[in-house]
file entry01.tsv (TSV, C-alpha atoms)
chain	number	residue	atom	x	y	z
A	1	MET	CA	0.00	0.00	0.00
A	2	THR	CA	1.42	3.34	-1.01
A	3	GLU	CA	1.06	6.73	0.62
A	4	GLN	CA	-0.72	8.01	-2.49
A	5	ASN	CA	-3.71	5.77	-1.86
A	6	PRO	CA	-6.59	8.23	-1.12
A	7	ILE	CA	-8.23	5.66	1.13
A	8	LEU	CA	-5.46	6.15	3.67
A	9	SER	CA	-5.25	9.92	3.43
A	10	GLY	CA	-6.51	12.05	6.29
A	11	LEU	CA	-6.29	9.26	8.85
A	12	ASN	CA	-4.44	9.51	12.14
A	13	ALA	CA	-2.08	6.72	13.20
A	14	LYS	CA	-4.68	4.69	15.14
A	15	GLN	CA	-7.32	5.03	12.41
A	16	ARG	CA	-4.85	3.95	9.77
A	17	GLU	CA	-3.81	0.99	11.89
A	18	ALA	CA	-7.43	-0.17	11.99
A	19	VAL	CA	-8.13	0.54	8.32
A	20	GLU	CA	-5.14	-1.55	7.24
A	21	VAL	CA	-6.37	-4.66	9.07
A	22	LEU	CA	-7.66	-6.92	6.28
A	23	ASP	CA	-8.17	-10.25	8.08
A	24	GLY	CA	-9.89	-11.40	11.23
A	25	PRO	CA	-12.05	-9.56	13.76
A	26	LEU	CA	-11.34	-6.00	14.86
A	27	LEU	CA	-12.82	-4.12	17.81
A	28	ILE	CA	-12.68	-0.33	17.88
A	29	LEU	CA	-13.45	1.48	21.14
A	30	ALA	CA	-13.74	5.25	20.80
A	31	GLY	CA	-15.77	8.12	22.14
A	32	ALA	CA	-18.27	10.34	20.38
A	33	GLY	CA	-16.84	12.53	17.63
A	34	SER	CA	-13.55	10.66	17.49
A	35	GLY	CA	-13.90	9.54	13.87
A	36	LYS	CA	-15.40	6.06	14.19
A	37	THR	CA	-17.55	6.48	11.08
A	38	LYS	CA	-14.57	7.70	9.10
A	39	CYS	CA	-12.53	4.75	10.27
A	40	LEU	CA	-15.26	2.27	9.35
A	41	THR	CA	-15.93	3.71	5.91
A	42	HIS	CA	-12.24	3.87	5.05
A	43	ARG	CA	-11.77	0.28	6.23
A	44	ILE	CA	-14.69	-0.91	4.09
A	45	ALA	CA	-13.25	0.91	1.09
A	46	ASN	CA	-9.81	-0.55	1.79
A	47	LEU	CA	-11.18	-4.10	1.97
A	48	ILE	CA	-12.87	-3.62	-1.40
A	49	HIS	CA	-9.70	-2.01	-2.78
A	50	HIS	CA	-7.82	-5.19	-1.81
A	51	GLY	CA	-10.26	-7.49	-3.59
A	52	THR	CA	-13.10	-8.16	-1.17
A	53	ARG	CA	-16.36	-8.17	-3.09
A	54	PRO	CA	-18.94	-5.62	-1.87
A	55	SER	CA	-21.48	-8.47	-1.63
A	56	GLN	CA	-19.26	-10.07	1.05
A	57	ILE	CA	-19.51	-7.05	3.35
A	58	LEU	CA	-22.43	-6.19	5.61
A	59	ALA	CA	-22.43	-2.88	7.50
A	60	VAL	CA	-25.06	-2.50	10.22
A	61	THR	CA	-25.91	0.82	11.85
A	62	PHE	CA	-28.55	2.09	14.26
A	63	THR	CA	-30.09	4.74	11.98
A	64	ASN	CA	-30.89	5.04	8.29
A	65	LYS	CA	-29.19	8.44	8.28
A	66	ALA	CA	-25.90	6.88	9.39
A	67	ALA	CA	-26.21	4.11	6.81
A	68	ASN	CA	-26.82	6.57	3.98
A	69	GLU	CA	-23.88	8.72	5.09
A	70	MET	CA	-21.57	5.71	5.21
A	71	LYS	CA	-22.69	4.56	1.77
A	72	LYS	CA	-21.97	7.99	0.26
A	73	ARG	CA	-18.53	8.11	1.86
A	74	VAL	CA	-17.57	4.62	0.66
A	75	GLU	CA	-18.74	5.33	-2.89
A	76	LYS	CA	-16.74	8.56	-2.91
A	77	LEU	CA	-13.60	6.79	-1.66
A	78	LEU	CA	-14.02	4.16	-4.36
A	79	GLY	CA	-14.52	6.74	-7.07
A	80	GLY	CA	-18.14	5.87	-7.65
A	81	GLY	CA	-17.87	2.12	-7.19
A	82	SER	CA	-20.69	0.14	-5.66
A	83	ALA	CA	-20.96	0.04	-1.87
A	84	PRO	CA	-21.86	-3.06	0.16
A	85	MET	CA	-25.19	-3.62	1.86
A	86	MET	CA	-25.62	-1.02	4.59
A	87	GLY	CA	-28.57	-0.29	6.82
A	88	THR	CA	-30.18	-0.66	10.22
A	89	PHE	CA	-30.80	-4.07	11.73
A	90	HIS	CA	-34.47	-3.86	10.76
A	91	SER	CA	-33.97	-2.56	7.21
A	92	ILE	CA	-31.40	-5.26	6.44
A	93	CYS	CA	-33.73	-7.93	7.82
A	94	VAL	CA	-36.51	-6.62	5.58
A	95	ARG	CA	-34.26	-6.99	2.53
A	96	ILE	CA	-33.29	-10.53	3.54
A	97	LEU	CA	-36.89	-11.57	4.16
A	98	ARG	CA	-38.14	-10.05	0.90
A	99	GLU	CA	-35.47	-12.07	-0.89
A	100	ASP	CA	-35.71	-15.41	0.93
A	101	GLY	CA	-38.55	-15.20	3.48
A	102	GLU	CA	-40.82	-17.43	1.42
A	103	GLN	CA	-38.58	-20.32	2.42
A	104	LEU	CA	-40.01	-20.07	5.92
A	105	SER	CA	-42.84	-22.52	6.56
A	106	CYS	CA	-45.20	-19.89	7.99
A	107	GLY	CA	-46.92	-18.86	4.74
A	108	LEU	CA	-45.28	-15.46	4.41
A	109	THR	CA	-44.82	-14.04	0.91
A	110	ARG	CA	-42.17	-11.57	-0.25
A	111	ASN	CA	-44.66	-8.72	-0.62
A	112	PHE	CA	-45.46	-8.77	3.11
A	113	VAL	CA	-46.49	-5.56	4.84
A	114	ILE	CA	-45.02	-4.25	8.09
A	115	PHE	CA	-47.32	-3.41	10.99
A	116	ASP	CA	-46.22	-0.43	13.05
A	117	THR	CA	-46.98	-0.15	16.76
A	118	ASP	CA	-50.42	1.36	16.15
A	119	ASP	CA	-51.36	-1.41	13.70
A	120	SER	CA	-50.20	-4.08	16.16
A	121	GLU	CA	-52.09	-2.59	19.09
A	122	LYS	CA	-55.29	-2.34	17.05
A	123	LEU	CA	-54.95	-5.99	16.06
A	124	ILE	CA	-54.39	-7.04	19.67
A	125	LYS	CA	-57.43	-5.03	20.81
A	126	MET	CA	-59.52	-6.80	18.18
A	127	ILE	CA	-58.25	-10.22	19.28
A	128	MET	CA	-58.91	-9.41	22.94
A	129	LYS	CA	-62.48	-8.48	22.07
A	130	GLU	CA	-62.95	-11.70	20.08
A	131	LEU	CA	-61.59	-13.77	22.97
A	132	GLY	CA	-63.75	-11.96	25.54
A	133	PHE	CA	-61.09	-10.14	27.54
A	134	ASP	CA	-62.13	-7.03	29.46
A	135	PRO	CA	-59.94	-4.09	28.33
A	136	LYS	CA	-60.44	-2.49	31.75
A	137	GLU	CA	-58.78	-5.46	33.45
A	138	ILE	CA	-56.07	-6.27	30.90
A	139	LYS	CA	-54.48	-3.45	28.89
A	140	HIS	CA	-53.69	-4.09	25.26
A	141	LYS	CA	-50.49	-2.05	25.50
A	142	ALA	CA	-49.23	-4.32	28.28
A	143	ILE	CA	-50.03	-7.38	26.16
A	144	LYS	CA	-48.19	-5.87	23.18
A	145	SER	CA	-45.18	-5.02	25.33
A	146	HIS	CA	-45.06	-8.54	26.77
A	147	ILE	CA	-45.30	-10.17	23.34
A	148	SER	CA	-42.59	-7.86	22.07
A	149	ALA	CA	-40.29	-8.81	24.93
A	150	ALA	CA	-40.89	-12.50	24.24
A	151	LYS	CA	-40.10	-12.07	20.54
A	152	ASN	CA	-36.91	-10.18	21.37
A	153	GLN	CA	-35.87	-13.30	23.28
A	154	LEU	CA	-36.67	-15.24	20.07
A	155	MET	CA	-39.60	-16.97	21.74
A	156	THR	CA	-42.39	-18.33	19.56
A	157	PRO	CA	-45.96	-18.58	20.89
A	158	GLU	CA	-45.34	-22.30	21.39
A	159	ALA	CA	-42.20	-21.67	23.43
A	160	TYR	CA	-44.00	-19.03	25.46
A	161	GLN	CA	-46.72	-21.54	26.32
A	162	LEU	CA	-44.08	-23.78	27.87
A	163	ASP	CA	-41.78	-21.26	29.51
A	164	ALA	CA	-43.94	-18.42	30.83
A	165	GLU	CA	-44.89	-18.19	34.48
A	166	ASP	CA	-48.44	-19.19	35.27
A	167	ASN	CA	-50.45	-16.21	36.44
A	168	ARG	CA	-53.56	-14.37	35.36
A	169	PHE	CA	-51.77	-12.04	32.98
A	170	THR	CA	-49.57	-14.67	31.31
A	171	ARG	CA	-52.58	-16.95	30.85
A	172	ALA	CA	-54.13	-14.14	28.81
A	173	VAL	CA	-50.93	-13.69	26.81
A	174	LYS	CA	-50.84	-17.44	26.12
A	175	GLN	CA	-54.19	-17.09	24.34
A	176	ILE	CA	-53.56	-13.78	22.62
A	177	PHE	CA	-49.97	-14.36	21.41
A	178	PRO	CA	-50.70	-17.31	19.06
A	179	ALA	CA	-53.90	-15.66	17.82
A	180	TYR	CA	-51.94	-12.48	17.12
A	181	GLN	CA	-49.33	-14.37	15.11
A	182	ARG	CA	-52.00	-16.18	13.09
A	183	LYS	CA	-53.72	-12.89	12.29
A	184	LEU	CA	-50.44	-11.32	11.19
A	185	ILE	CA	-49.81	-14.13	8.73
A	186	GLU	CA	-53.41	-13.93	7.50
A	187	HIS	CA	-52.68	-10.29	6.67
A	188	ASN	CA	-49.30	-11.31	5.14
A	189	ALA	CA	-47.77	-9.01	7.73
A	190	LEU	CA	-44.91	-8.84	10.20
A	191	ASP	CA	-44.44	-6.48	13.13
A	192	PHE	CA	-41.09	-4.83	13.93
A	193	ASP	CA	-40.06	-7.62	16.31
A	194	ASP	CA	-40.86	-10.26	13.69
A	195	LEU	CA	-38.35	-8.72	11.30
A	196	LEU	CA	-35.50	-9.77	13.59
A	197	GLN	CA	-37.02	-13.03	14.83
A	198	LYS	CA	-38.06	-14.31	11.39
A	199	THR	CA	-34.61	-13.54	9.97
A	200	VAL	CA	-33.01	-15.62	12.72
A	201	GLN	CA	-35.50	-18.42	12.04
A	202	LEU	CA	-34.72	-18.22	8.33
A	203	PHE	CA	-30.98	-18.60	8.95
A	204	GLU	CA	-31.61	-21.51	11.32
A	205	GLN	CA	-33.93	-23.31	8.88
A	206	CYS	CA	-31.97	-22.47	5.73
A	207	PRO	CA	-28.28	-22.14	6.67
A	208	GLU	CA	-27.31	-22.38	3.02
A	209	ILE	CA	-28.45	-18.75	2.63
A	210	LEU	CA	-25.39	-17.72	4.63
A	211	ALA	CA	-22.99	-19.74	2.47
call {"tool": "encode", "arguments": {"input": "entry01.tsv", "output": "structure tokens"}}
result
Amino acid sequence: MTEQNPILSGLNAKQREAVEVLDGPLLILAGAGSGKTKCLTHRIANLIHHGTRPSQILAVTFTNKAANEMKKRVEKLLGGGSAPMMGTFHSICVRILREDGEQLSCGLTRNFVIFDTDDSEKLIKMIMKELGFDPKEIKHKAIKSHISAAKNQLMTPEAYQLDAEDNRFTRAVKQIFPAYQRKLIEHNALDFDDLLQKTVQLFEQCPEILA
């Protein structure tokens, strides 16, 4: 690597040290405003410069704004070349599920819709009414929050039935959770928590996708 390489220009010694690592894992610990994004984008560009295909790189951020900024920086460093897949955890999972989600055995199709929090709460309220639950005694927001927490632990309704404590509230969740999931699939829909959980399930059921 020569000094004239623009990918290495403007980096301090520590940033350059990180950018020039081409193999194995690398952990960068740095405070706010210390140039982490610059370091990451330059390292991505350097990997591609050394022959790594963009399709072999996945960059995950916490906001779409950060992902878009990183993509622009990488493309600029590469002189207009294509950047790898970049996005938030949820947006990347959406792309994966639209591409391969039909391989799941749940009946989901690639043109699924995404229910936001309001959509999910309305659906839970409807299910509670159908099942005869009193909204004054059991709050739909509490049910939604509990289901969300279970999904974030990668629990299916079936697993929840087996693992949840037995009390008045969880007995309600045990009825509502599976009904909620069935209704989502009937609408060809996923909620935000499903985007992560279904992607994990897809990788577990179809590991060849990761090959």
call {"tool": "atom_distance", "arguments": {"input": "entry01.tsv", "atom1": "atom CA of His140 of chain A", "atom2": "atom CA of Glu165 of chain A"}}
result
19.0 Å
call {"tool": "closest_residue", "arguments": {"input": "entry01.tsv", "among": "A:Glu75, A:Asp100, A:Glu17, A:Asp194", "to": "Tyr180 of chain A", "atoms": "only C-alpha atoms"}}
result
A:Asp194
call {"tool": "residues_around", "arguments": {"input": "entry01.tsv", "residues": "Ser91 of chain A", "least_positions_apart": "4", "cutoff": "10 Å", "atoms": "all atoms listed in the file", "output": "PyMOL selection string"}}
result
chain A and resi 60-61+63-64+86-87+95-97+195-196
call {"tool": "atom_distance", "arguments": {"input": "entry01.tsv", "atom1": "atom CA of Ala45 of chain A", "atom2": "atom CA of Phe203 of chain A"}}
result
27.5 Å
call {"tool": "atom_distance", "arguments": {"input": "entry01.tsv", "atom1": "atom CA of Lys125 of chain A", "atom2": "atom CA of Lys198 of chain A"}}
result
23.5 Å
call {"tool": "residues_around", "arguments": {"input": "entry01.tsv", "residues": "Gln205 of chain A", "least_positions_apart": "5", "cutoff": "12 Å", "atoms": "all atoms listed in the file", "output": "compact mmCIF listing (two decimals) with C-alpha atoms, in the frame of the given file"}}
result
# COMPACT_ATOMS: atom_id res chain seq x y z
CA ASP A 100 -35.71 -15.41 0.93
CA GLY A 101 -38.55 -15.20 3.48
CA GLU A 102 -40.82 -17.43 1.42
CA GLN A 103 -38.58 -20.32 2.42
CA LEU A 104 -40.01 -20.07 5.92
CA SER A 105 -42.84 -22.52 6.56
CA CYS A 106 -45.20 -19.89 7.99
CA LYS A 198 -38.06 -14.31 11.39
CA THR A 199 -34.61 -13.54 9.97
CA VAL A 200 -33.01 -15.62 12.72
CA LEU A 210 -25.39 -17.72 4.63
call {"tool": "residues_around", "arguments": {"input": "entry01.tsv", "residues": "Leu47 of chain A", "least_positions_apart": "3", "cutoff": "10 Å", "atoms": "all atoms listed in the file", "output": "ChimeraX atom specification"}}
result
/A:19-23,41-44,50-54,57
call {"tool": "closest_residue", "arguments": {"input": "entry01.tsv", "among": "A:Ile138, A:Cys206, A:Gly80, A:Thr88", "to": "Lys65 of chain A", "atoms": "only C-alpha atoms"}}
result
A:Thr88
call {"tool": "closest_residue", "arguments": {"input": "entry01.tsv", "among": "A:Ala172, A:Ile48, A:Ala66, A:Ile28", "to": "Gly81 of chain A", "atoms": "all atoms listed in the file"}}
result
A:Ile48
call {"tool": "closest_residue", "arguments": {"input": "entry01.tsv", "among": "A:Lys139, A:Glu208, A:Lys144, A:Ser120", "to": "Leu190 of chain A", "atoms": "all atoms listed in the file"}}
result
A:Ser120
call {"tool": "closest_residue", "arguments": {"input": "entry01.tsv", "among": "A:Phe89, A:Leu78, A:Lys174, A:Phe192", "to": "Asp118 of chain A", "atoms": "all atoms listed in the file"}}
result
A:Phe192
call {"tool": "closest_residue", "arguments": {"input": "entry01.tsv", "among": "A:Leu154, A:Gln181, A:Cys39, A:Leu108", "to": "Glu204 of chain A", "atoms": "only C-alpha atoms"}}
result
A:Leu154
call {"tool": "decode", "arguments": {"input": "entry01.tsv", "residues": "segment 39-89 of chain A", "atoms": "N, CA and C atoms", "output": "compact mmCIF listing (two decimals), in the first residue's frame"}}
result
# COMPACT_ATOMS: atom_id res chain seq x y z
N CYS A 39 -13.36 5.94 10.20
CA CYS A 39 -12.53 4.75 10.27
C CYS A 39 -13.23 3.56 9.61
N LEU A 40 -14.50 3.38 9.90
CA LEU A 40 -15.26 2.27 9.35
C LEU A 40 -15.39 2.37 7.83
N THR A 41 -15.73 3.56 7.36
CA THR A 41 -15.93 3.71 5.91
C THR A 41 -14.62 3.52 5.16
N HIS A 42 -13.54 4.04 5.70
CA HIS A 42 -12.24 3.87 5.05
C HIS A 42 -11.81 2.40 5.08
N ARG A 43 -12.14 1.70 6.17
CA ARG A 43 -11.77 0.28 6.23
C ARG A 43 -12.58 -0.52 5.21
N ILE A 44 -13.87 -0.23 5.08
CA ILE A 44 -14.69 -0.91 4.09
C ILE A 44 -14.13 -0.68 2.68
N ALA A 45 -13.81 0.59 2.40
CA ALA A 45 -13.25 0.91 1.09
C ALA A 45 -11.92 0.20 0.87
N ASN A 46 -11.12 0.10 1.92
CA ASN A 46 -9.81 -0.55 1.79
C ASN A 46 -9.96 -2.05 1.55
N LEU A 47 -10.93 -2.67 2.20
CA LEU A 47 -11.18 -4.10 1.97
C LEU A 47 -11.57 -4.34 0.51
N ILE A 48 -12.45 -3.48 -0.01
CA ILE A 48 -12.87 -3.62 -1.40
C ILE A 48 -11.69 -3.35 -2.33
N HIS A 49 -10.89 -2.35 -1.99
CA HIS A 49 -9.70 -2.01 -2.78
C HIS A 49 -8.74 -3.21 -2.89
N HIS A 50 -8.72 -4.03 -1.83
CA HIS A 50 -7.82 -5.19 -1.81
C HIS A 50 -8.50 -6.47 -2.32
N GLY A 51 -9.66 -6.34 -2.92
CA GLY A 51 -10.26 -7.49 -3.59
C GLY A 51 -11.47 -8.11 -2.95
N THR A 52 -11.87 -7.64 -1.77
CA THR A 52 -13.10 -8.16 -1.17
C THR A 52 -14.29 -7.66 -1.97
N ARG A 53 -15.18 -8.57 -2.33
CA ARG A 53 -16.36 -8.17 -3.09
C ARG A 53 -17.34 -7.42 -2.18
N PRO A 54 -17.96 -6.35 -2.69
CA PRO A 54 -18.94 -5.62 -1.87
C PRO A 54 -20.04 -6.52 -1.31
N SER A 55 -20.42 -7.56 -2.07
CA SER A 55 -21.48 -8.47 -1.63
C SER A 55 -21.06 -9.31 -0.42
N GLN A 56 -19.75 -9.32 -0.10
CA GLN A 56 -19.26 -10.07 1.05
C GLN A 56 -19.20 -9.22 2.32
N ILE A 57 -19.59 -7.97 2.21
CA ILE A 57 -19.51 -7.05 3.35
C ILE A 57 -20.90 -6.62 3.76
N LEU A 58 -21.16 -6.66 5.05
CA LEU A 58 -22.43 -6.19 5.61
C LEU A 58 -22.12 -5.16 6.68
N ALA A 59 -22.64 -3.96 6.53
CA ALA A 59 -22.43 -2.88 7.50
C ALA A 59 -23.76 -2.54 8.17
N VAL A 60 -23.82 -2.71 9.48
CA VAL A 60 -25.06 -2.50 10.22
C VAL A 60 -24.92 -1.28 11.11
N THR A 61 -25.91 -0.39 11.04
CA THR A 61 -25.91 0.82 11.85
C THR A 61 -27.22 0.91 12.64
N PHE A 62 -27.33 1.94 13.46
CA PHE A 62 -28.55 2.09 14.26
C PHE A 62 -29.56 3.04 13.62
N THR A 63 -29.16 3.82 12.63
CA THR A 63 -30.09 4.74 11.98
C THR A 63 -29.90 4.70 10.47
N ASN A 64 -30.97 4.97 9.75
CA ASN A 64 -30.89 5.04 8.29
C ASN A 64 -30.01 6.20 7.84
N LYS A 65 -30.03 7.28 8.61
CA LYS A 65 -29.19 8.44 8.28
C LYS A 65 -27.72 8.05 8.29
N ALA A 66 -27.30 7.31 9.31
CA ALA A 66 -25.90 6.88 9.39
C ALA A 66 -25.55 5.94 8.25
N ALA A 67 -26.47 5.05 7.90
CA ALA A 67 -26.21 4.11 6.81
C ALA A 67 -26.05 4.84 5.49
N ASN A 68 -26.91 5.81 5.23
CA ASN A 68 -26.82 6.57 3.98
C ASN A 68 -25.53 7.38 3.91
N GLU A 69 -25.12 7.95 5.05
CA GLU A 69 -23.88 8.72 5.09
C GLU A 69 -22.68 7.82 4.82
N MET A 70 -22.68 6.64 5.42
CA MET A 70 -21.57 5.71 5.21
C MET A 70 -21.50 5.26 3.75
N LYS A 71 -22.65 5.00 3.17
CA LYS A 71 -22.69 4.56 1.77
C LYS A 71 -22.10 5.63 0.85
N LYS A 72 -22.48 6.89 1.08
CA LYS A 72 -21.97 7.99 0.26
C LYS A 72 -20.45 8.10 0.40
N ARG A 73 -19.96 7.98 1.62
CA ARG A 73 -18.53 8.11 1.86
C ARG A 73 -17.75 6.99 1.18
N VAL A 74 -18.26 5.76 1.28
CA VAL A 74 -17.57 4.62 0.66
C VAL A 74 -17.55 4.78 -0.86
N GLU A 75 -18.68 5.16 -1.44
CA GLU A 75 -18.74 5.33 -2.89
C GLU A 75 -17.78 6.42 -3.36
N LYS A 76 -17.66 7.47 -2.56
CA LYS A 76 -16.74 8.56 -2.91
C LYS A 76 -15.29 8.08 -2.84
N LEU A 77 -14.96 7.31 -1.81
CA LEU A 77 -13.60 6.79 -1.66
C LEU A 77 -13.24 5.83 -2.79
N LEU A 78 -14.26 5.12 -3.29
CA LEU A 78 -14.02 4.16 -4.36
C LEU A 78 -14.15 4.78 -5.74
N GLY A 79 -14.38 6.07 -5.78
CA GLY A 79 -14.52 6.74 -7.07
C GLY A 79 -15.80 6.39 -7.80
N GLY A 80 -16.86 6.18 -7.04
CA GLY A 80 -18.14 5.87 -7.65
C GLY A 80 -18.47 4.40 -7.71
N GLY A 81 -17.59 3.55 -7.19
CA GLY A 81 -17.87 2.12 -7.19
C GLY A 81 -19.02 1.76 -6.27
N SER A 82 -19.53 0.57 -6.45
CA SER A 82 -20.69 0.14 -5.66
C SER A 82 -20.30 -0.12 -4.21
N ALA A 83 -21.18 0.25 -3.30
CA ALA A 83 -20.96 0.04 -1.87
C ALA A 83 -21.64 -1.25 -1.44
N PRO A 84 -21.21 -1.84 -0.33
CA PRO A 84 -21.86 -3.06 0.16
C PRO A 84 -23.22 -2.76 0.77
N MET A 85 -23.89 -3.81 1.21
CA MET A 85 -25.19 -3.62 1.86
C MET A 85 -24.99 -2.91 3.19
N MET A 86 -25.70 -1.80 3.35
CA MET A 86 -25.62 -1.02 4.59
C MET A 86 -27.03 -0.65 5.03
N GLY A 87 -27.25 -0.67 6.32
CA GLY A 87 -28.57 -0.29 6.82
C GLY A 87 -28.70 -0.59 8.30
N THR A 88 -29.88 -0.32 8.84
CA THR A 88 -30.18 -0.66 10.22
C THR A 88 -30.46 -2.16 10.32
N PHE A 89 -30.48 -2.67 11.53
CA PHE A 89 -30.80 -4.07 11.73
C PHE A 89 -32.14 -4.41 11.06
